[in-house]
$ cat input-v8.tsv   # TSV, C-alpha atoms and all ligand atoms
chain	number	residue	atom	x	y	z
A	1	MET	CA	13.01	-58.78	28.05
A	2	ARG	CA	9.49	-58.15	26.75
A	3	LYS	CA	9.19	-55.29	29.19
A	4	ARG	CA	12.41	-53.71	27.86
A	5	THR	CA	11.23	-54.05	24.25
A	6	ALA	CA	7.94	-52.43	25.23
A	7	ILE	CA	9.77	-49.52	26.90
A	8	LEU	CA	12.05	-49.14	23.87
A	9	ILE	CA	9.05	-49.09	21.52
A	10	LEU	CA	7.35	-46.55	23.75
A	11	LEU	CA	10.47	-44.37	23.82
A	12	ALA	CA	10.89	-44.61	20.05
A	13	GLY	CA	7.23	-43.64	19.66
A	14	LEU	CA	7.68	-40.64	21.94
A	15	LEU	CA	10.77	-39.56	20.06
A	16	LEU	CA	8.91	-39.85	16.76
A	17	ILE	CA	6.05	-37.72	18.10
A	18	LEU	CA	8.56	-35.14	19.39
A	19	ALA	CA	10.37	-35.06	16.04
A	20	LEU	CA	7.07	-34.64	14.18
A	21	PHE	CA	6.02	-31.89	16.57
A	22	LEU	CA	9.30	-30.04	16.08
A	23	THR	CA	9.16	-30.40	12.29
A	24	VAL	CA	5.56	-29.19	12.07
A	25	ASN	CA	6.30	-26.33	14.43
A	26	ARG	CA	9.41	-25.35	12.53
A	27	GLU	CA	7.53	-25.43	9.24
A	28	GLN	CA	4.63	-23.28	10.37
A	29	ARG	CA	5.71	-19.68	10.21
A	30	PHE	CA	8.52	-18.02	8.36
A	31	GLN	CA	9.04	-14.29	8.51
A	32	GLN	CA	11.54	-11.87	7.03
A	33	HIS	CA	11.76	-8.19	6.30
A	34	ARG	CA	13.64	-6.28	3.65
A	35	TYR	CA	14.01	-2.58	2.98
A	36	VAL	CA	12.42	-1.65	-0.37
A	37	PHE	CA	10.13	1.13	-1.69
A	38	GLY	CA	11.60	3.41	0.98
A	39	THR	CA	10.04	1.30	3.70
A	40	TRP	CA	10.35	-2.04	5.50
A	41	VAL	CA	8.50	-4.83	3.73
A	42	ASP	CA	7.55	-7.59	6.10
A	43	MET	CA	6.87	-11.02	4.57
A	44	THR	CA	5.22	-13.82	6.53
A	45	ILE	CA	4.63	-17.25	5.06
A	46	TRP	CA	2.76	-20.02	6.82
A	47	GLY	CA	2.74	-23.79	6.45
A	48	VAL	CA	5.60	-24.61	4.08
A	49	SER	CA	9.19	-25.59	4.75
A	50	GLU	CA	11.73	-22.93	5.61
A	51	LYS	CA	13.56	-23.66	2.37
A	52	ARG	CA	10.51	-23.04	0.18
A	53	ALA	CA	9.53	-19.96	2.16
A	54	HIS	CA	13.05	-18.60	1.83
A	55	GLN	CA	13.11	-19.18	-1.95
A	56	ALA	CA	9.73	-17.48	-2.31
A	57	ILE	CA	10.80	-14.49	-0.23
A	58	ASN	CA	13.95	-14.12	-2.31
A	59	ALA	CA	11.92	-14.24	-5.51
A	60	ILE	CA	9.44	-11.56	-4.45
A	61	SER	CA	12.17	-9.38	-2.93
A	62	THR	CA	13.97	-9.40	-6.30
A	63	ASP	CA	10.71	-8.35	-7.99
A	64	PHE	CA	10.24	-5.53	-5.46
A	65	GLN	CA	13.73	-4.21	-6.18
A	66	THR	CA	13.06	-4.26	-9.94
A	67	GLN	CA	9.72	-2.48	-9.50
A	68	HIS	CA	11.26	0.05	-7.16
A	69	HIS	CA	13.77	0.89	-9.87
A	70	GLN	CA	11.27	0.86	-12.76
A	71	TRP	CA	8.64	3.01	-11.06
A	72	HIS	CA	10.89	5.48	-9.28
A	73	ALA	CA	9.58	9.05	-9.64
A	74	TRP	CA	12.78	10.97	-8.94
A	75	HIS	CA	15.80	8.67	-9.40
A	76	SER	CA	16.54	8.04	-13.07
A	77	SER	CA	14.18	5.22	-14.11
A	78	PRO	CA	11.94	4.04	-16.96
A	79	LEU	CA	9.22	6.21	-15.36
A	80	THR	CA	11.39	9.34	-15.36
A	81	ASP	CA	12.23	8.54	-19.03
A	82	LEU	CA	8.50	8.52	-19.79
A	83	ASN	CA	8.05	11.79	-17.85
A	84	GLN	CA	10.92	13.33	-19.79
A	85	ALA	CA	9.34	12.32	-23.10
A	86	ILE	CA	6.00	13.80	-22.04
A	87	ALA	CA	7.65	17.07	-20.98
A	88	THR	CA	9.21	17.40	-24.44
A	89	GLY	CA	6.02	16.45	-26.29
A	90	GLN	CA	7.20	13.07	-27.58
A	91	THR	CA	5.32	9.80	-27.90
A	92	TRP	CA	7.09	7.20	-25.77
A	93	ASN	CA	7.42	3.50	-26.41
A	94	VAL	CA	7.12	1.87	-22.99
A	95	GLN	CA	9.54	-1.05	-22.78
A	96	GLN	CA	8.83	-2.19	-19.24
A	97	ALA	CA	5.71	-4.32	-19.24
A	98	SER	CA	4.92	-3.43	-15.63
A	99	LEU	CA	4.45	0.29	-16.37
A	100	LEU	CA	1.56	-0.22	-18.78
A	101	PRO	CA	-0.89	-1.86	-16.34
A	102	LEU	CA	-0.14	0.93	-13.85
A	103	LEU	CA	-0.99	3.55	-16.48
A	104	VAL	CA	-4.18	1.75	-17.49
A	105	GLN	CA	-5.28	1.37	-13.87
A	106	ALA	CA	-4.34	4.98	-13.11
A	107	LYS	CA	-6.78	6.08	-15.81
A	108	ARG	CA	-9.61	4.00	-14.33
A	109	PHE	CA	-9.07	5.04	-10.68
A	110	SER	CA	-8.62	8.68	-11.62
A	111	ASP	CA	-11.88	8.56	-13.57
A	112	GLN	CA	-13.79	6.79	-10.75
A	113	SER	CA	-12.51	9.26	-8.14
A	114	ASP	CA	-13.44	12.40	-10.14
A	115	GLY	CA	-9.69	13.08	-10.48
A	116	LEU	CA	-9.02	13.19	-6.70
A	117	PHE	CA	-6.64	10.28	-7.24
A	118	ASN	CA	-4.39	11.87	-9.82
A	119	PRO	CA	-0.92	10.34	-10.29
A	120	ALA	CA	-0.23	12.91	-13.06
A	121	ILE	CA	0.55	15.63	-10.48
A	122	GLY	CA	4.23	14.72	-10.10
A	123	GLN	CA	5.29	18.37	-10.56
A	124	LEU	CA	3.18	19.45	-7.59
A	125	ILE	CA	4.51	16.60	-5.46
A	126	ALA	CA	8.06	17.65	-6.32
A	127	LEU	CA	7.26	21.31	-5.66
A	128	TRP	CA	6.16	20.40	-2.14
A	129	GLY	CA	9.54	18.72	-1.65
A	130	PHE	CA	8.37	15.12	-1.53
A	131	HIS	CA	10.74	13.91	-4.24
A	132	GLN	CA	13.50	13.25	-1.74
A	133	ASP	CA	14.67	10.03	-0.11
A	134	ASP	CA	15.06	11.50	3.34
A	135	LEU	CA	12.72	14.31	4.23
A	136	ASP	CA	14.40	16.90	6.39
A	137	ASN	CA	10.87	17.85	7.46
A	138	HIS	CA	11.60	21.54	7.52
A	139	HIS	CA	10.71	22.75	4.10
A	140	ALA	CA	9.39	26.17	3.23
A	141	VAL	CA	5.85	26.21	1.87
A	142	PRO	CA	6.11	26.78	-1.91
A	143	PRO	CA	4.96	30.17	-3.20
A	144	ALA	CA	1.16	30.23	-3.66
A	145	GLU	CA	1.54	31.56	-7.24
A	146	LYS	CA	3.74	28.62	-8.21
A	147	ILE	CA	1.19	26.17	-6.78
A	148	ALA	CA	-1.65	27.93	-8.62
A	149	GLU	CA	0.38	27.90	-11.84
A	150	LEU	CA	0.82	24.12	-11.71
A	151	VAL	CA	-2.85	23.55	-10.82
A	152	ALA	CA	-3.89	25.74	-13.79
A	153	LEU	CA	-1.92	23.46	-16.14
A	154	ALA	CA	-4.38	20.73	-15.05
A	155	PRO	CA	-2.31	17.59	-15.68
A	156	SER	CA	-4.64	14.62	-15.76
A	157	LEU	CA	-4.93	11.03	-16.92
A	158	ASP	CA	-7.49	12.29	-19.48
A	159	ASP	CA	-4.54	13.82	-21.33
A	160	ILE	CA	-3.02	10.39	-21.88
A	161	GLU	CA	-3.49	8.19	-24.92
A	162	ILE	CA	-2.27	4.59	-24.73
A	163	ASP	CA	-1.95	2.71	-28.00
A	164	GLY	CA	-0.32	-0.68	-27.49
A	165	LYS	CA	3.02	0.26	-25.93
A	166	GLN	CA	2.91	3.85	-27.19
A	167	VAL	CA	2.06	6.53	-24.66
A	168	THR	CA	1.27	10.10	-25.72
A	169	SER	CA	0.21	13.05	-23.61
A	170	ARG	CA	-1.73	16.03	-24.94
A	171	ASN	CA	-0.45	17.98	-21.92
A	172	ARG	CA	3.26	18.47	-21.27
A	173	ALA	CA	2.55	19.24	-17.61
A	174	VAL	CA	1.70	15.58	-16.95
A	175	GLN	CA	4.43	14.03	-14.77
A	176	PHE	CA	3.70	10.65	-13.28
A	177	ASP	CA	4.25	9.75	-9.66
A	178	PHE	CA	2.89	6.33	-8.76
A	179	GLY	CA	3.53	6.63	-5.00
A	180	ALA	CA	-0.16	6.44	-4.19
A	181	PHE	CA	-0.80	2.97	-5.62
A	182	ALA	CA	2.47	1.33	-6.66
A	183	LYS	CA	2.90	-0.53	-3.38
A	184	GLY	CA	-0.65	-1.86	-3.64
A	185	TYR	CA	0.07	-3.16	-7.13
A	186	ALA	CA	3.43	-4.60	-6.04
A	187	VAL	CA	1.82	-6.62	-3.22
A	188	ASP	CA	-0.85	-7.89	-5.64
A	189	LEU	CA	1.91	-9.15	-7.94
A	190	ALA	CA	3.85	-10.61	-5.00
A	191	ILE	CA	0.82	-12.54	-3.78
A	192	ASP	CA	0.20	-13.86	-7.33
A	193	LYS	CA	3.80	-15.05	-7.44
A	194	LEU	CA	3.51	-16.76	-4.04
A	195	ARG	CA	0.43	-18.62	-5.28
A	196	SER	CA	2.27	-19.71	-8.42
A	197	LEU	CA	4.96	-21.10	-6.11
A	198	GLY	CA	2.33	-23.16	-4.26
A	199	ILE	CA	2.13	-20.89	-1.22
A	200	HIS	CA	-1.42	-20.24	-0.09
A	201	ASN	CA	-1.04	-18.68	3.37
A	202	ALA	CA	0.94	-15.45	3.62
A	203	ILE	CA	0.99	-11.77	4.43
A	204	ILE	CA	3.03	-9.18	2.57
A	205	ASN	CA	3.15	-5.94	4.52
A	206	ALA	CA	4.80	-2.95	2.84
A	207	GLY	CA	5.00	-0.39	5.64
A	208	GLY	CA	1.38	-0.77	6.75
A	209	ASP	CA	0.02	-1.46	3.25
A	210	LEU	CA	-0.62	-5.18	3.22
A	211	LYS	CA	-2.24	-8.08	1.48
A	212	ALA	CA	-3.02	-11.45	3.02
A	213	ILE	CA	-4.02	-14.80	1.59
A	214	GLY	CA	-5.27	-17.91	3.33
A	215	GLN	CA	-5.05	-18.20	7.08
A	216	LYS	CA	-2.63	-18.66	9.93
A	217	GLY	CA	-3.28	-22.36	10.45
A	218	GLU	CA	-6.84	-22.71	11.76
A	219	GLN	CA	-7.14	-19.00	12.54
A	220	PRO	CA	-7.73	-16.00	10.26
A	221	TRP	CA	-4.88	-13.48	10.11
A	222	LEU	CA	-5.24	-10.73	12.70
A	223	ILE	CA	-4.15	-7.36	11.32
A	224	GLY	CA	-3.22	-4.35	13.42
A	225	ILE	CA	-4.05	-0.92	11.98
A	226	ARG	CA	-1.55	1.67	13.10
A	227	HIS	CA	-2.58	4.64	15.18
A	228	PRO	CA	-2.41	7.82	13.05
A	229	SER	CA	0.04	9.26	15.58
A	230	GLY	CA	2.43	6.58	14.32
A	231	LYS	CA	2.59	5.08	17.79
A	232	GLY	CA	0.97	1.77	18.58
A	233	VAL	CA	-2.12	0.14	17.20
A	234	LEU	CA	-5.47	1.89	16.75
A	235	ALA	CA	-7.59	-1.13	15.91
A	236	ALA	CA	-7.46	-4.70	14.67
A	237	CYS	CA	-9.39	-6.75	12.17
A	238	SER	CA	-9.32	-10.32	10.94
A	239	VAL	CA	-8.77	-11.15	7.31
A	240	SER	CA	-8.90	-14.46	5.52
A	241	GLY	CA	-9.12	-15.62	1.95
A	242	GLU	CA	-7.61	-12.82	-0.11
A	243	GLU	CA	-7.78	-9.30	1.24
A	244	SER	CA	-5.71	-6.13	1.23
A	245	VAL	CA	-5.68	-3.57	4.01
A	246	MET	CA	-4.26	-0.26	2.80
A	247	THR	CA	-3.78	2.86	4.90
A	248	SER	CA	-2.94	6.36	3.73
A	249	GLY	CA	-1.71	8.57	6.47
A	250	ASP	CA	0.49	11.52	7.19
A	251	TYR	CA	2.51	9.92	9.98
A	252	GLU	CA	5.31	8.56	7.77
A	253	ARG	CA	5.88	11.21	5.17
A	254	PHE	CA	5.03	14.81	5.93
A	255	ARG	CA	6.70	18.17	6.15
A	256	GLU	CA	6.64	20.74	8.84
A	257	SER	CA	6.84	24.48	8.32
A	258	GLU	CA	6.40	26.99	11.12
A	259	GLY	CA	4.78	24.37	13.30
A	260	VAL	CA	2.23	23.31	10.66
A	261	ARG	CA	2.29	19.74	9.41
A	262	TYR	CA	1.85	19.30	5.65
A	263	SER	CA	0.71	15.88	4.46
A	264	HIS	CA	2.25	14.21	1.41
A	265	LEU	CA	-1.28	13.78	0.06
A	266	LEU	CA	-2.18	16.68	-2.21
A	267	ASP	CA	-5.56	17.87	-3.36
A	268	PRO	CA	-5.17	18.15	-7.16
A	269	ARG	CA	-7.95	20.81	-7.25
A	270	THR	CA	-6.04	23.26	-5.05
A	271	GLY	CA	-2.46	21.96	-5.11
A	272	TRP	CA	-2.39	22.07	-1.29
A	273	PRO	CA	-1.90	19.16	1.13
A	274	VAL	CA	-5.06	17.61	2.52
A	275	GLN	CA	-6.08	18.60	6.01
A	276	GLY	CA	-8.46	17.27	8.58
A	277	LEU	CA	-7.96	13.51	8.12
A	278	THR	CA	-4.95	11.78	9.61
A	279	SER	CA	-5.53	8.32	8.20
A	280	VAL	CA	-7.80	6.42	5.83
A	281	THR	CA	-7.92	2.62	5.71
A	282	VAL	CA	-9.56	0.69	2.88
A	283	ILE	CA	-10.05	-3.07	2.70
A	284	ASP	CA	-10.51	-4.72	-0.67
A	285	ARG	CA	-9.48	-7.90	-2.43
A	286	SER	CA	-7.42	-5.84	-4.87
A	287	GLY	CA	-4.36	-4.20	-3.32
A	288	VAL	CA	-3.96	-1.68	-6.12
A	289	LEU	CA	-7.58	-0.54	-5.84
A	290	ALA	CA	-7.47	-0.33	-2.02
A	291	ASP	CA	-4.24	1.70	-2.20
A	292	ALA	CA	-5.55	4.11	-4.83
A	293	ALA	CA	-8.85	4.43	-2.93
A	294	SER	CA	-7.18	5.16	0.42
A	295	THR	CA	-5.42	8.10	-1.24
A	296	ALA	CA	-8.56	9.26	-3.13
A	297	LEU	CA	-10.70	9.13	0.03
A	298	SER	CA	-8.06	11.07	2.00
A	299	VAL	CA	-8.41	13.82	-0.59
A	300	ALA	CA	-12.21	13.55	-0.69
A	301	GLY	CA	-12.32	14.13	3.07
A	302	LEU	CA	-15.37	13.93	5.33
A	303	PRO	CA	-17.83	15.61	2.92
A	304	ASP	CA	-17.14	13.34	-0.06
A	305	TRP	CA	-15.56	10.05	0.98
A	306	HIS	CA	-18.83	8.12	0.90
A	307	ARG	CA	-19.72	9.15	-2.66
A	308	ILE	CA	-16.20	8.50	-3.98
A	309	ALA	CA	-16.01	5.12	-2.20
A	310	ARG	CA	-19.26	4.09	-3.93
A	311	GLN	CA	-17.97	5.25	-7.31
A	312	MET	CA	-14.79	3.21	-6.79
A	313	GLY	CA	-16.75	0.13	-5.67
A	314	ILE	CA	-15.21	0.07	-2.18
A	315	LYS	CA	-16.97	-1.89	0.58
A	316	TYR	CA	-14.89	-1.20	3.71
A	317	VAL	CA	-13.62	2.21	4.82
A	318	MET	CA	-12.33	3.66	8.08
A	319	LEU	CA	-11.26	7.32	8.39
A	320	VAL	CA	-9.68	9.06	11.37
A	321	ASP	CA	-9.83	12.83	11.65
A	322	ASP	CA	-7.40	15.04	13.53
A	323	ALA	CA	-9.64	15.03	16.60
A	324	GLU	CA	-9.16	11.19	16.53
A	325	THR	CA	-12.84	10.56	15.76
A	326	VAL	CA	-13.25	7.38	13.73
A	327	TYR	CA	-15.71	7.27	10.80
A	328	MET	CA	-16.71	3.94	9.26
A	329	ASN	CA	-19.35	2.41	7.05
A	330	PRO	CA	-21.44	-0.25	8.88
A	331	ALA	CA	-19.73	-3.22	7.17
A	332	MET	CA	-16.33	-1.93	8.32
A	333	ALA	CA	-17.62	-1.19	11.83
A	334	ALA	CA	-18.81	-4.80	12.05
A	335	ARG	CA	-15.31	-6.19	11.57
A	336	ILE	CA	-13.06	-3.68	13.35
A	337	GLN	CA	-12.11	-4.20	17.00
A	338	PHE	CA	-10.74	-1.46	19.24
A	339	PRO	CA	-8.87	-2.09	22.46
A	340	SER	CA	-11.58	-1.61	25.11
A	341	GLU	CA	-9.41	0.70	27.23
A	342	LYS	CA	-8.88	3.07	24.31
A	343	LEU	CA	-12.27	3.20	22.63
A	344	PRO	CA	-12.37	6.26	20.33
A	345	LYS	CA	-15.42	8.29	19.41
A	346	ILE	CA	-17.00	6.39	16.52
A	347	VAL	CA	-19.36	7.66	13.83
A	348	VAL	CA	-20.99	5.02	11.61
A	349	SER	CA	-22.16	6.21	8.18
A	350	GLU	CA	-24.94	5.02	5.86
A	351	PRO	CA	-24.11	1.68	4.20
A	352	LEU	CA	-21.93	1.90	1.13
B	1	LIG	P1	1.87	5.61	1.62
B	1	LIG	O1	1.06	4.38	1.73
B	1	LIG	O2	3.28	5.41	1.20
B	1	LIG	O3	1.70	6.56	2.79
B	1	LIG	P2	-0.12	6.76	-0.07
B	1	LIG	O4	-0.80	5.61	-0.66
B	1	LIG	O5	-0.79	7.50	1.00
B	1	LIG	O6	1.34	6.36	0.36
B	1	LIG	O7	0.28	7.76	-1.24
B	1	LIG	C1	1.04	8.91	-1.00
B	1	LIG	C2	1.82	9.34	-2.23
B	1	LIG	O8	0.92	9.52	-3.33
B	1	LIG	C3	2.49	10.70	-2.08
B	1	LIG	O9	3.76	10.56	-1.51
B	1	LIG	C4	2.57	11.19	-3.51
B	1	LIG	O10	3.68	10.61	-4.15
B	1	LIG	C5	1.31	10.63	-4.14
B	1	LIG	N1	0.15	11.54	-4.14
B	1	LIG	C6	-0.13	12.59	-3.32
B	1	LIG	N2	-1.34	13.12	-3.59
B	1	LIG	C7	-1.87	12.38	-4.60
B	1	LIG	C8	-3.11	12.42	-5.32
B	1	LIG	N3	-4.04	13.31	-5.03
B	1	LIG	N4	-3.30	11.49	-6.28
B	1	LIG	C9	-2.35	10.58	-6.58
B	1	LIG	N5	-1.17	10.50	-5.96
B	1	LIG	C10	-0.93	11.38	-4.96
B	2	MG	MG	-2.57	4.95	-1.41

$ encode --input "input-v8.tsv" --output "structure tokens"
Amino acid sequence: MRKRTAILILLAGLLLILALFLTVNREQRFQQHRYVFGTWVDMTIWGVSEKRAHQAINAISTDFQTQHHQWHAWHSSPLTDLNQAIATGQTWNVQQASLLPLLVQAKRFSDQSDGLFNPAIGQLIALWGFHQDDLDNHHAVPPAEKIAELVALAPSLDDIEIDGKQVTSRNRAVQFDFGAFAKGYAVDLAIDKLRSLGIHNAIINAGGDLKAIGQKGEQPWLIGIRHPSGKGVLAACSVSGEESVMTSGDYERFRESEGVRYSHLLDPRTGWPVQGLTSVTVIDRSGVLADAASTALSVAGLPDWHRIARQMGIKYVMLVDDAETVYMNPAMAARIQFPSEKLPKIVVSEPL
């Protein structure tokens, strides 16, 4: 009898351990993706129940949809209303709270990057045919005179005056396009929301632009950085705490004309797409800064990236040129791992 009781207790104990194991395992990782901002947004949450993770993912997905609508540069949106007002010389009262911080930050990043990051060049971006949902990828190069004309109008964030909610532009050629840093800002806001919901371990990845907080259990998050060809992974790095890894590249959105690939990143000084670099990755705590900087450094190119990164206060940069040579500052080189069978040519710069 005693023996049977002992076996029953043992069995009950084993079942309890199994149940605990299953619960813990089930509660560890929850992942979902949704299509927003013209890309797949992948959301991974670690260490809370499926129910809480699901609620959190729904909440941030709703925010993403709202932002996508409010910041859209070519579908009718509060941003196109602002652009319309600027084009007709009116002062505009911005109703959507989320637009103002983007404008304020745009001014700062544009200033720090000597205007290489310039989200006021919406007309040029449209001229190059990038204000379309689906790029047909065979688009004639715009006439050089038209490009020069828009460059000569010199739209810039310096033209903008912000007074409370009132926005005025001294230059009617200013047309905002926030494509270069909106996703970075959106993931910052999403991570803040997750924290307010008591979630401290997560990754939000908007098509290769991502922000992570906390860890994956006992391990730091391991992030893959896409190969500029768009195929496979170029390198990996660990992140923990709060860090954003933002990559600007020409593998997702580009145009082709007579066999030449034109990037969606434009040099505001010339009005022409940047050449030479195929991807630029920046790591920073702030998603919006890392996103703006990855675009600015793509425009700065090999001669100027180091100076602009310093001006923007960036500590980790990796650039890949079209010969697939990788350029990094020493702090970045110390944390990036390449698959040993595919080690690229690496050039390490002076410290930032
Ligand atoms: P993604 O991460 O989606 O590839 P990026 O961060 O590289 O986007 O930004 C690309 C977008 O930024 C372009 O599609 C365009 O809308 C806008 N853009 C292009 N050139 C500039 C520039 N010099 N300054 C600011 N925005 C730009
Ligand atoms: Mg960017």

$ closest_residue --input "input-v8.tsv" --among "A:Pro351, A:Gly271, A:Gly287, A:Gly89" --to "ligand MG 2 (chain B)" --atoms "all atoms listed in the file"
A:Gly287

$ residues_near_point --input "input-v8.tsv" --point "(6.7, 0.6, -17.5)" --cutoff "12 Å" --atoms "only C-alpha atoms" --output "count of residues only"
34

$ residues_near_ligand --input "input-v8.tsv" --ligand "ligand LIG 1 (chain B)" --cutoff "8 Å" --atoms "only C-alpha atoms and all ligand atoms" --output "ChimeraX atom specification"
/A:115-122,125,130-131,177-181,183,207-209,246-253,264-268,273,291-292,294-296,299

$ closest_residue --input "input-v8.tsv" --among "A:Ile308, A:Ala290, A:Leu343, A:Leu352" --to "ligand MG 2 (chain B)" --atoms "all atoms listed in the file"
A:Ala290

$ atom_distance --input "input-v8.tsv" --atom1 "atom CA of Met328 of chain A" --atom2 "atom CA of Asp111 of chain A"
23.8 Å

$ closest_residue --input "input-v8.tsv" --among "A:His139, A:Thr281, A:Glu145, A:Gln275" --to "ligand MG 2 (chain B)" --atoms "all atoms listed in the file"
A:Thr281

$ residues_around --input "input-v8.tsv" --residues "Leu210 of chain A" --least-positions-apart "3" --cutoff "7 Å" --atoms "all atoms listed in the file" --output "PyMOL selection string"
chain A and resi 203-206+244-246

$ closest_residue --input "input-v8.tsv" --among "A:Ile191, A:Leu127, A:Ile162, A:Val41" --to "Ala148 of chain A" --atoms "only C-alpha atoms"
A:Leu127

$ closest_residue --input "input-v8.tsv" --among "A:Lys193, A:Arg172, A:Arg108, A:His306" --to "Ile60 of chain A" --atoms "all atoms listed in the file"
A:Lys193

$ residues_around --input "input-v8.tsv" --residues "Ala212 of chain A" --least-positions-apart "2" --cutoff "12 Å" --atoms "all atoms listed in the file" --output "NGL selection string"
:A and (42-46 or 184 or 187-188 or 190-192 or 194-195 or 199-206 or 209-210 or 214-216 or 220-223 or 238-246 or 283-287)

$ closest_residue --input "input-v8.tsv" --among "A:Leu135, A:Ala293, A:Leu153, A:Ala173" --to "Asp114 of chain A" --atoms "only C-alpha atoms"
A:Ala293

$ atom_distance --input "input-v8.tsv" --atom1 "atom CA of Ala56 of chain A" --atom2 "atom CA of Leu289 of chain A"
24.5 Å

$ atom_distance --input "input-v8.tsv" --atom1 "atom CA of Pro143 of chain A" --atom2 "atom CA of Gly129 of chain A"
12.4 Å

$ residues_around --input "input-v8.tsv" --residues "Leu297 of chain A" --least-positions-apart "6" --cutoff "8 Å" --atoms "all atoms listed in the file" --output "VMD selection string"
chain A and resid 280 304 to 305 308 to 309

$ write_last_selection --input "input-v8.tsv" --atoms "C-alpha atoms" --output "PDB file, in the frame of the given file"
ATOM      1  CA  VAL A 280      -7.800   6.420   5.830  1.00  0.00           C
ATOM      2  CA  ASP A 304     -17.140  13.340  -0.060  1.00  0.00           C
ATOM      3  CA  TRP A 305     -15.560  10.050   0.980  1.00  0.00           C
ATOM      4  CA  ILE A 308     -16.200   8.500  -3.980  1.00  0.00           C
ATOM      5  CA  ALA A 309     -16.010   5.120  -2.200  1.00  0.00           C
TER       6      ALA A 309
END

$ residues_near_point --input "input-v8.tsv" --point "(-17.9, 4.1, 11.3)" --cutoff "9 Å" --atoms "only C-alpha atoms" --output "PyMOL selection string"
chain A and resi 317-319+326-334+346-350
